[in-house]
$ cat entry-v5.txt   # compact mmCIF, C-alpha atoms
# COMPACT_ATOMS: atom_id res chain seq x y z
CA MET A 1 -48.92 -61.30 11.52
CA VAL A 2 -48.99 -60.77 15.26
CA ARG A 3 -48.44 -57.13 16.17
CA ALA A 4 -48.44 -55.19 19.40
CA ARG A 5 -49.77 -51.67 19.00
CA SER A 6 -48.06 -49.01 21.06
CA GLY A 7 -46.42 -45.65 20.60
CA ARG A 8 -42.73 -44.95 20.83
CA VAL A 9 -41.81 -44.01 24.39
CA THR A 10 -41.27 -40.26 24.58
CA SER A 11 -39.05 -38.83 27.30
CA ARG A 12 -38.85 -35.46 28.96
CA LEU A 13 -36.14 -34.63 26.44
CA ALA A 14 -38.79 -35.00 23.71
CA ALA A 15 -41.06 -32.75 25.72
CA ALA A 16 -38.37 -30.11 25.87
CA LEU A 17 -37.89 -30.39 22.11
CA ALA A 18 -41.63 -30.04 21.63
CA ALA A 19 -41.56 -26.92 23.78
CA ALA A 20 -39.12 -25.36 21.36
CA VAL A 21 -41.42 -26.26 18.48
CA LEU A 22 -44.35 -24.66 20.26
CA ALA A 23 -42.38 -21.54 20.98
CA SER A 24 -41.18 -21.14 17.40
CA ALA A 25 -44.36 -22.18 15.57
CA GLY A 26 -47.09 -21.11 17.98
CA ILE A 27 -49.91 -23.50 18.82
CA LEU A 28 -52.42 -21.34 16.97
CA ALA A 29 -50.67 -21.60 13.61
CA ALA A 30 -52.74 -23.36 10.97
CA GLY A 31 -50.48 -25.29 8.62
CA THR A 32 -52.08 -27.12 5.76
CA ALA A 33 -50.84 -29.55 3.21
CA PRO A 34 -51.48 -29.01 -0.49
CA ALA A 35 -54.28 -30.97 -2.05
CA ALA A 36 -53.75 -33.05 -5.12
CA ALA A 37 -55.87 -33.77 -8.15
CA ALA A 38 -58.46 -36.52 -7.86
CA PRO A 39 -57.65 -39.96 -9.32
CA PRO A 40 -59.22 -41.19 -12.54
CA ALA A 41 -63.00 -41.55 -12.31
CA ALA A 42 -63.10 -45.18 -13.40
CA HIS A 43 -63.79 -46.39 -9.85
CA THR A 44 -67.14 -47.91 -8.87
CA PRO A 45 -67.41 -47.60 -5.09
CA THR A 46 -69.35 -49.84 -2.77
CA ALA A 47 -72.23 -48.08 -1.01
CA HIS A 48 -71.81 -47.64 2.75
CA THR A 49 -74.73 -46.63 4.93
CA SER A 50 -73.42 -46.27 8.49
CA ALA A 51 -72.91 -42.80 9.92
CA VAL A 52 -70.73 -41.71 12.82
CA PRO A 53 -72.70 -40.13 15.67
CA GLY A 54 -71.76 -36.70 16.99
CA HIS A 55 -70.26 -38.25 20.12
CA ALA A 56 -68.55 -41.52 19.25
CA VAL A 57 -66.53 -44.28 20.86
CA THR A 58 -63.74 -45.86 18.80
CA GLY A 59 -62.10 -49.20 19.52
CA TYR A 60 -59.39 -51.17 17.75
CA TRP A 61 -60.20 -54.80 17.00
CA GLN A 62 -57.16 -57.07 16.94
CA ASN A 63 -56.71 -59.26 13.90
CA PHE A 64 -54.28 -61.36 15.92
CA ASP A 65 -53.94 -63.08 19.29
CA ASN A 66 -51.53 -61.42 21.74
CA GLY A 67 -52.97 -62.65 25.01
CA ALA A 68 -56.05 -60.43 25.09
CA THR A 69 -59.52 -61.87 24.61
CA VAL A 70 -59.82 -63.20 21.07
CA GLN A 71 -62.93 -61.79 19.41
CA LYS A 72 -64.83 -61.93 16.19
CA LEU A 73 -66.25 -58.60 15.07
CA ARG A 74 -69.71 -59.75 16.16
CA ASP A 75 -68.37 -60.01 19.74
CA VAL A 76 -67.31 -56.35 19.95
CA ASN A 77 -69.32 -54.46 22.55
CA ASP A 78 -72.18 -52.42 21.09
CA ALA A 79 -70.83 -49.27 22.78
CA TYR A 80 -68.22 -48.99 20.02
CA ASP A 81 -69.46 -46.74 17.22
CA ILE A 82 -66.26 -47.02 15.17
CA ILE A 83 -64.33 -50.27 14.99
CA ALA A 84 -60.84 -50.06 13.51
CA VAL A 85 -59.60 -53.40 12.20
CA ALA A 86 -55.92 -53.69 13.11
CA PHE A 87 -54.06 -53.90 10.83
CA ALA A 88 -53.54 -53.68 7.06
CA ASP A 89 -50.34 -55.25 5.75
CA ALA A 90 -47.72 -53.68 3.50
CA THR A 91 -47.11 -55.13 0.04
CA ASP A 92 -44.12 -55.08 -2.30
CA ARG A 93 -45.60 -52.02 -4.05
CA PRO A 94 -44.54 -48.82 -2.27
CA GLY A 95 -47.46 -47.35 -0.33
CA ALA A 96 -49.89 -50.15 -1.20
CA VAL A 97 -51.63 -52.17 1.51
CA THR A 98 -53.55 -55.41 1.68
CA PHE A 99 -55.48 -57.26 4.36
CA ASN A 100 -54.94 -60.82 5.54
CA LEU A 101 -57.42 -62.30 7.99
CA ASP A 102 -55.51 -64.07 10.77
CA PRO A 103 -56.73 -67.66 11.38
CA ALA A 104 -56.08 -67.03 15.09
CA VAL A 105 -59.28 -64.98 15.39
CA GLY A 106 -61.38 -68.02 14.50
CA TYR A 107 -63.27 -67.14 11.33
CA ALA A 108 -64.21 -70.12 9.18
CA SER A 109 -63.93 -67.99 6.05
CA VAL A 110 -63.34 -64.47 4.78
CA ASP A 111 -67.01 -64.35 3.79
CA ASP A 112 -67.96 -64.82 7.46
CA PHE A 113 -65.76 -61.85 8.35
CA LYS A 114 -67.38 -59.75 5.63
CA ALA A 115 -70.80 -60.77 6.94
CA ASP A 116 -69.84 -59.51 10.40
CA ILE A 117 -68.80 -56.17 8.88
CA LYS A 118 -72.22 -55.87 7.22
CA ALA A 119 -73.97 -56.79 10.46
CA LYS A 120 -72.12 -54.11 12.40
CA GLN A 121 -72.97 -51.57 9.70
CA ALA A 122 -76.61 -52.60 9.76
CA ALA A 123 -76.54 -51.85 13.50
CA GLY A 124 -75.25 -48.34 12.76
CA ARG A 125 -71.54 -48.92 13.37
CA SER A 126 -68.62 -48.01 11.12
CA VAL A 127 -65.84 -50.52 10.43
CA LEU A 128 -62.49 -49.14 9.25
CA LEU A 129 -59.22 -50.64 8.12
CA SER A 130 -56.33 -49.38 10.25
CA VAL A 131 -52.97 -48.85 8.59
CA GLY A 132 -49.83 -48.89 10.70
CA GLY A 133 -49.37 -49.95 14.29
CA GLU A 134 -46.08 -50.24 16.14
CA LYS A 135 -44.62 -52.57 13.51
CA GLY A 136 -46.39 -51.17 10.47
CA ALA A 137 -44.08 -50.68 7.49
CA VAL A 138 -46.21 -48.60 5.12
CA SER A 139 -44.52 -45.52 3.67
CA VAL A 140 -46.31 -42.86 1.59
CA ASN A 141 -43.59 -40.41 0.60
CA ASP A 142 -44.04 -39.60 -3.09
CA GLY A 143 -46.73 -39.35 -5.74
CA THR A 144 -46.48 -42.99 -6.79
CA SER A 145 -46.78 -44.40 -3.27
CA ALA A 146 -49.65 -42.00 -2.54
CA GLN A 147 -51.57 -43.30 -5.55
CA ASN A 148 -50.74 -46.91 -4.65
CA PHE A 149 -52.03 -46.30 -1.14
CA ALA A 150 -55.27 -44.76 -2.37
CA ASP A 151 -55.88 -47.42 -5.01
CA SER A 152 -55.31 -50.26 -2.56
CA VAL A 153 -57.45 -48.71 0.21
CA ASN A 154 -60.25 -48.04 -2.29
CA GLY A 155 -60.02 -51.63 -3.48
CA LEU A 156 -60.16 -53.03 0.06
CA MET A 157 -63.11 -50.81 0.93
CA ASP A 158 -64.97 -52.27 -2.03
CA GLU A 159 -63.86 -55.85 -1.46
CA TYR A 160 -64.56 -56.04 2.29
CA GLY A 161 -67.09 -53.26 2.72
CA PHE A 162 -64.93 -51.15 5.04
CA ASP A 163 -66.36 -47.70 5.73
CA GLY A 164 -62.98 -46.03 5.68
CA VAL A 165 -59.42 -45.98 6.89
CA ASP A 166 -57.56 -45.24 10.10
CA ILE A 167 -54.03 -43.81 9.90
CA ASP A 168 -51.87 -45.18 12.69
CA LEU A 169 -48.40 -44.80 11.19
CA GLU A 170 -45.95 -44.56 14.08
CA ASN A 171 -42.79 -44.13 12.04
CA GLY A 172 -43.53 -40.76 10.50
CA LEU A 173 -45.44 -39.61 7.45
CA SER A 174 -45.34 -36.94 4.77
CA ALA A 175 -48.22 -34.47 5.07
CA THR A 176 -48.01 -33.62 1.38
CA TYR A 177 -48.36 -37.18 0.12
CA MET A 178 -50.61 -38.62 2.82
CA THR A 179 -52.99 -35.73 2.23
CA GLN A 180 -52.85 -36.49 -1.49
CA ALA A 181 -53.55 -40.17 -0.83
CA LEU A 182 -56.48 -39.55 1.50
CA ARG A 183 -58.00 -37.01 -0.87
CA ALA A 184 -57.88 -39.65 -3.59
CA VAL A 185 -59.71 -42.08 -1.28
CA HIS A 186 -62.29 -39.40 -0.54
CA ALA A 187 -62.72 -38.68 -4.25
CA ALA A 188 -63.65 -42.33 -4.81
CA HIS A 189 -65.73 -42.72 -1.62
CA SER A 190 -67.28 -39.39 -0.70
CA GLY A 191 -68.69 -40.76 2.57
CA VAL A 192 -65.40 -42.24 3.74
CA VAL A 193 -64.75 -42.28 7.49
CA VAL A 194 -61.16 -41.21 8.20
CA THR A 195 -59.60 -41.39 11.65
CA MET A 196 -56.03 -40.90 12.82
CA ALA A 197 -54.13 -42.10 15.90
CA PRO A 198 -50.90 -40.09 16.10
CA GLN A 199 -48.52 -40.19 19.03
CA THR A 200 -48.39 -37.23 21.38
CA ILE A 201 -45.12 -35.88 19.91
CA ASP A 202 -46.79 -35.84 16.48
CA MET A 203 -49.49 -33.37 17.57
CA GLN A 204 -47.52 -30.85 19.62
CA SER A 205 -47.78 -28.18 16.95
CA PRO A 206 -49.77 -27.50 13.76
CA GLN A 207 -46.39 -27.52 12.00
CA THR A 208 -45.80 -31.24 12.54
CA GLU A 209 -46.48 -33.56 9.61
CA TYR A 210 -49.33 -35.42 11.31
CA PHE A 211 -51.05 -32.21 12.38
CA LYS A 212 -50.65 -30.74 8.88
CA THR A 213 -52.20 -33.90 7.43
CA ALA A 214 -55.19 -33.58 9.76
CA LEU A 215 -55.65 -29.95 8.78
CA GLY A 216 -55.14 -30.79 5.11
CA ILE A 217 -58.18 -33.10 5.15
CA LYS A 218 -60.20 -31.11 7.67
CA ASP A 219 -63.16 -30.90 5.29
CA PHE A 220 -63.76 -34.66 5.59
CA LEU A 221 -61.66 -35.81 8.57
CA THR A 222 -63.77 -37.70 11.11
CA ALA A 223 -61.54 -37.75 14.19
CA VAL A 224 -58.00 -37.60 15.51
CA ASN A 225 -57.78 -40.01 18.45
CA MET A 226 -54.27 -39.22 19.64
CA GLN A 227 -52.51 -41.89 21.72
CA TYR A 228 -52.34 -40.35 25.20
CA TYR A 229 -50.06 -43.19 26.33
CA ASN A 230 -46.60 -44.71 25.86
CA SER A 231 -45.55 -41.08 25.77
CA GLY A 232 -43.87 -39.82 28.90
CA SER A 233 -44.50 -36.24 29.96
CA MET A 234 -45.44 -33.70 27.29
CA ASN A 235 -46.30 -30.03 26.92
CA GLY A 236 -49.87 -28.86 27.22
CA CYS A 237 -51.29 -25.91 25.35
CA ASP A 238 -50.31 -23.60 28.23
CA GLY A 239 -46.64 -24.52 27.82
CA ASN A 240 -46.49 -26.47 31.08
CA VAL A 241 -45.31 -30.07 31.17
CA TYR A 242 -47.84 -32.69 32.25
CA ALA A 243 -47.33 -36.35 33.13
CA GLN A 244 -49.19 -39.07 31.28
CA GLY A 245 -51.83 -40.96 33.21
CA THR A 246 -53.53 -37.83 34.56
CA VAL A 247 -56.61 -35.80 33.72
CA ASP A 248 -54.38 -32.77 33.04
CA PHE A 249 -52.42 -34.74 30.44
CA LEU A 250 -55.61 -35.55 28.55
CA THR A 251 -57.13 -32.08 28.70
CA SER A 252 -54.04 -29.93 28.15
CA LEU A 253 -52.85 -31.95 25.14
CA ALA A 254 -56.33 -32.05 23.61
CA CYS A 255 -56.31 -28.28 23.96
CA ILE A 256 -53.40 -28.06 21.48
CA GLN A 257 -55.52 -29.69 18.80
CA LEU A 258 -58.62 -27.68 19.71
CA THR A 259 -56.79 -24.36 19.52
CA GLY A 260 -54.59 -25.39 16.62
CA GLY A 261 -57.26 -25.64 13.96
CA LEU A 262 -59.25 -28.86 14.39
CA ASP A 263 -62.97 -28.73 15.00
CA PRO A 264 -64.04 -30.18 18.40
CA SER A 265 -65.95 -32.86 16.51
CA GLN A 266 -62.59 -34.03 15.15
CA VAL A 267 -60.89 -34.56 18.52
CA GLY A 268 -61.06 -37.73 20.61
CA LEU A 269 -59.14 -39.02 23.62
CA GLY A 270 -57.20 -42.24 22.94
CA VAL A 271 -56.29 -44.37 25.97
CA PRO A 272 -55.42 -48.01 26.75
CA ALA A 273 -58.29 -50.26 27.84
CA SER A 274 -56.20 -51.81 30.61
CA PRO A 275 -52.72 -51.59 32.17
CA ARG A 276 -51.68 -54.58 30.04
CA ALA A 277 -52.73 -52.88 26.80
CA ALA A 278 -49.82 -50.39 26.79
CA GLY A 279 -46.45 -49.79 28.33
CA GLY A 280 -47.63 -46.70 30.20
CA GLY A 281 -50.35 -44.09 30.39
CA TYR A 282 -53.30 -46.22 31.49
CA VAL A 283 -55.99 -44.25 33.31
CA ASP A 284 -59.12 -45.48 35.03
CA PRO A 285 -62.34 -44.90 33.07
CA SER A 286 -63.33 -42.32 35.69
CA VAL A 287 -60.31 -40.20 34.69
CA VAL A 288 -61.32 -40.34 31.02
CA ASN A 289 -64.83 -39.28 31.98
CA ALA A 290 -63.46 -36.42 34.08
CA ALA A 291 -61.39 -35.22 31.11
CA LEU A 292 -64.44 -35.40 28.85
CA ASP A 293 -66.42 -33.34 31.35
CA CYS A 294 -63.61 -30.81 31.72
CA LEU A 295 -63.37 -30.27 27.97
CA THR A 296 -67.09 -30.29 27.21
CA ARG A 297 -68.58 -28.76 30.37
CA GLY A 298 -65.73 -27.12 32.27
CA THR A 299 -66.22 -29.41 35.28
CA SER A 300 -64.04 -32.12 36.91
CA CYS A 301 -60.82 -30.45 35.70
CA GLY A 302 -57.48 -30.92 37.42
CA SER A 303 -54.97 -28.08 37.71
CA PHE A 304 -55.43 -27.25 34.01
CA THR A 305 -58.71 -25.68 32.92
CA PRO A 306 -59.28 -24.80 29.25
CA SER A 307 -60.21 -21.21 28.50
CA THR A 308 -63.47 -22.34 26.90
CA THR A 309 -65.54 -25.49 26.66
CA TYR A 310 -65.96 -27.75 23.64
CA PRO A 311 -69.37 -29.45 23.89
CA GLY A 312 -69.00 -30.85 20.38
CA LEU A 313 -65.94 -32.98 21.28
CA ARG A 314 -66.10 -36.23 19.32
CA GLY A 315 -65.45 -38.67 22.16
CA ALA A 316 -62.90 -41.31 23.11
CA MET A 317 -60.92 -44.22 21.71
CA THR A 318 -59.28 -47.27 23.24
CA TRP A 319 -56.68 -49.83 22.37
CA SER A 320 -58.28 -52.30 22.19
CA THR A 321 -61.74 -53.91 22.20
CA ASN A 322 -59.95 -57.17 22.96
CA TRP A 323 -58.13 -55.80 26.00
CA ASP A 324 -61.36 -54.15 27.07
CA ALA A 325 -63.15 -57.50 26.88
CA ALA A 326 -60.36 -59.07 28.92
CA GLY A 327 -61.09 -56.54 31.65
CA GLY A 328 -64.85 -57.00 31.66
CA ASP A 329 -65.65 -54.24 29.13
CA ALA A 330 -64.97 -51.50 31.68
CA PHE A 331 -64.11 -48.92 29.01
CA ALA A 332 -67.16 -49.70 26.87
CA ASN A 333 -69.52 -49.75 29.84
CA GLN A 334 -68.22 -46.68 31.67
CA VAL A 335 -66.58 -44.41 29.09
CA GLY A 336 -68.92 -45.56 26.34
CA ALA A 337 -71.98 -44.72 28.37
CA HIS A 338 -70.50 -41.35 29.36
CA VAL A 339 -69.62 -40.38 25.78
CA HIS A 340 -73.11 -41.26 24.63
CA SER A 341 -74.61 -39.14 27.42
CA LEU A 342 -72.80 -35.99 26.32
CA PRO A 343 -75.27 -33.36 25.09
$ encode --input "entry-v5.txt" --output "structure tokens"
Amino acid sequence: MVRARSGRVTSRLAAALAAAVLASAGILAAGTAPAAAAPPAAHTPTAHTSAVPGHAVTGYWQNFDNGATVQKLRDVNDAYDIIAVAFADATDRPGAVTFNLDPAVGYASVDDFKADIKAKQAAGRSVLLSVGGEKGAVSVNDGTSAQNFADSVNGLMDEYGFDGVDIDLENGLSATYMTQALRAVHAAHSGVVVTMAPQTIDMQSPQTEYFKTALGIKDFLTAVNMQYYNSGSMNGCDGNVYAQGTVDFLTSLACIQLTGGLDPSQVGLGVPASPRAAGGGYVDPSVVNAALDCLTRGTSCGSFTPSTTYPGLRGAMTWSTNWDAAGGDAFANQVGAHVHSLP
């Protein structure tokens, strides 16, 4: 299935609404979702050996052809430490997902795809299955769908060798049941890599469902790579409104997560790899690097300067490795090198 991944466009009206949420909830509140009991212990997980470095670069690999460079996993630039395979498909069982390799990407067989996953892992990379996208139709909103989600993700991790799962649901989620589902995945695969790619509106306060989910799995969450694009202007942690496509947008919105309960190692900056990769919010790699320096070192800031520095910041993400390749791997070469040079 051909999908375009983008966030819903958020207007200044949404920013004003978010301001009210910030005012009523407070950006320092620490909401958490209740944990659920672990699933039955009859699962035999596949061993995964790759580990995410302290400063990591995440890229989405497109399991479809939408005009960007078509790649096999083996073609993905080595700068990417985490590769999120986009996307899982919904099934007729509520909450359950499956994966269908698109013939458009050129694999002769599923076994060849699995071999590429193993090769990336042998080189120290993590390969995840991403659930969602702009047209994703997966809903986890009760106990049954949560268990179906966990069972299917666990099964796909074992079948394909995925290191974990990326949550990119752009049509809302339930913190209670997504937390339950992800805890069941973690119970079966203790080393699971879990990333999330919420839209900006979804991370304006610790009281939003996405933020509560992140906090609810904070003990094993790898990174939240929020989509700093297709957003419109939004509130920063100082209550001021900042326009997308600027260094202030990246730093002031990251500040909400950093002061709202997430560890710096769980925060990444998600941006498009090229102007064609998203409807709005593209920034030059130099702007991403400036934002990384502002947050980690207190240098290269715009008008917004965080009250402290976060040298442990996880890194950056891009949609997508395919669009990056179409532009000469500018993100991988420039942002990737910068992330890996952070102390």
$ residues_near_point --input "entry-v5.txt" --point "(-70.4, -55.2, 11.5)" --cutoff "10 Å" --atoms "all atoms listed in the file" --output "PyMOL selection string"
chain A and resi 50+72-76+82-83+113-127+161-162
$ atom_distance --input "entry-v5.txt" --atom1 "atom CA of A:Gln244" --atom2 "atom CA of A:Gly281"
5.2 Å
$ closest_residue --input "entry-v5.txt" --among "A:Val224, A:Ala84, A:Ala273, A:Val192" --to "A:Arg314" --atoms "all atoms listed in the file"
A:Val224
$ residues_around --input "entry-v5.txt" --residues "A:Val105" --least-positions-apart "2" --cutoff "8 Å" --atoms "all atoms listed in the file" --output "JSON, numbers by chain"
{"A": [63, 64, 65, 70, 71, 72, 102, 103, 107]}
$ atom_distance --input "entry-v5.txt" --atom1 "atom CA of A:Phe331" --atom2 "atom CA of A:Ala214"
26.2 Å
$ closest_residue --input "entry-v5.txt" --among "A:Asp89, A:Asp248, A:Asp202, A:Asp81" --to "A:Phe149" --atoms "all atoms listed in the file"
A:Asp89
$ atom_distance --input "entry-v5.txt" --atom1 "atom CA of A:Asn141" --atom2 "atom CA of A:Met178"
7.6 Å
$ residues_around --input "entry-v5.txt" --residues "A:Tyr310" --least-positions-apart "4" --cutoff "12 Å" --atoms "all atoms listed in the file" --output "PyMOL selection string"
chain A and resi 55+251+254-255+257-259+262-268+291-299+305-306+314-315+342-343
$ closest_residue --input "entry-v5.txt" --among "A:Thr213, A:Asn154, A:Ser320, A:Ser205" --to "A:Gly172" --atoms "all atoms listed in the file"
A:Thr213
$ closest_residue --input "entry-v5.txt" --among "A:Pro198, A:Gly302, A:Gly216, A:Gly59" --to "A:Ala332" --atoms "all atoms listed in the file"
A:Gly59
$ residues_near_point --input "entry-v5.txt" --point "(-59.3, -48.3, 11.6)" --cutoff "9 Å" --atoms "only C-alpha atoms" --output "PDB file with C-alpha atoms, in the frame of the given file"
ATOM      1  CA  THR A  58     -63.740 -45.860  18.800  1.00  0.00           C
ATOM      2  CA  GLY A  59     -62.100 -49.200  19.520  1.00  0.00           C
ATOM      3  CA  TYR A  60     -59.390 -51.170  17.750  1.00  0.00           C
ATOM      4  CA  TRP A  61     -60.200 -54.800  17.000  1.00  0.00           C
ATOM      5  CA  ILE A  82     -66.260 -47.020  15.170  1.00  0.00           C
ATOM      6  CA  ILE A  83     -64.330 -50.270  14.990  1.00  0.00           C
ATOM      7  CA  ALA A  84     -60.840 -50.060  13.510  1.00  0.00           C
ATOM      8  CA  VAL A  85     -59.600 -53.400  12.200  1.00  0.00           C
ATOM      9  CA  ALA A  86     -55.920 -53.690  13.110  1.00  0.00           C
ATOM     10  CA  PHE A  87     -54.060 -53.900  10.830  1.00  0.00           C
ATOM     11  CA  VAL A 127     -65.840 -50.520  10.430  1.00  0.00           C
ATOM     12  CA  LEU A 128     -62.490 -49.140   9.250  1.00  0.00           C
ATOM     13  CA  LEU A 129     -59.220 -50.640   8.120  1.00  0.00           C
ATOM     14  CA  SER A 130     -56.330 -49.380  10.250  1.00  0.00           C
ATOM     15  CA  VAL A 131     -52.970 -48.850   8.590  1.00  0.00           C
ATOM     16  CA  GLY A 164     -62.980 -46.030   5.680  1.00  0.00           C
ATOM     17  CA  VAL A 165     -59.420 -45.980   6.890  1.00  0.00           C
ATOM     18  CA  ASP A 166     -57.560 -45.240  10.100  1.00  0.00           C
ATOM     19  CA  ILE A 167     -54.030 -43.810   9.900  1.00  0.00           C
ATOM     20  CA  ASP A 168     -51.870 -45.180  12.690  1.00  0.00           C
ATOM     21  CA  VAL A 194     -61.160 -41.210   8.200  1.00  0.00           C
ATOM     22  CA  THR A 195     -59.600 -41.390  11.650  1.00  0.00           C
ATOM     23  CA  MET A 196     -56.030 -40.900  12.820  1.00  0.00           C
TER      24      MET A 196
END
$ closest_residue --input "entry-v5.txt" --among "A:Leu156, A:Ala243, A:Leu215, A:Ala146" --to "A:Ala184" --atoms "all atoms listed in the file"
A:Ala146
